[in-house]
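> Just passing along the structure, written as structure tokens.
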Amino acid sequence: MNGQNRKDVLPGIEVNIVLKQDQRSGKLTRGIVKDLLTNSPTHPHGIKVRLTDGQVGRVKEILSPAR
């Protein structure tokens with residue numbers, strides 16, 4: 001599942017994000033969502049989130065769907 005819809009991205013789920021500095025290479029970073037930073041219901045490049053370790057990026061893949 002991609003991370004373009006805000007309703008699919010919830011705190012506590014595991015996701016792959018692309019960090020700002022990795023946008024050109026497309027390198028993905030795995031983590032657990034702490035906060036959602038995008039307010040709009042959708043975003044074409046992925047919903048921006050903060051992970052539990054403090055890294056910020058846009059969701060590219062949702063690995064564990066919300067329970």
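Residue numbers start at 1 in each chain; chains themselves are named A, B, ... in the order of the structure tokens; ligands are numbered from 1 in the order shown.
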Out of chain A, which residues get helix (DSSP H, G or I) from DSSP, as a ChimeraX atom specification?

/A:6-8,20-22

> List the spatial neighbours of Val56 of chain A as a ChimeraX atom specification - criterion: any atom at most 10 Å away, only C-alpha atoms, same-chain residues fewer than 5 positions off excluded.

/A:17-20,29,33-37,48-51

> State, in Å with one decimal place, the distance from atom CA of Asn5 of chain A to atom CA of Ser25 of chain A.

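Computing it gives 23.2 Å between the two atoms.
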
> For Val9 of chain A, which residue out of A:Leu28, A:Asp53, A:Ile47, A:Arg58 is the nearest one, using only C-alpha atoms?

A:Ile47

> Name the residues in contact with Asp8 of chain A at a cut-off of 9 Å, using only C-alpha atoms, excluding same-chain residues fewer than 6 positions from it; report them as a list in words.

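The contact residues come out as Met1, Asn2, Ile62, Pro65 and Ala66 of chain A.
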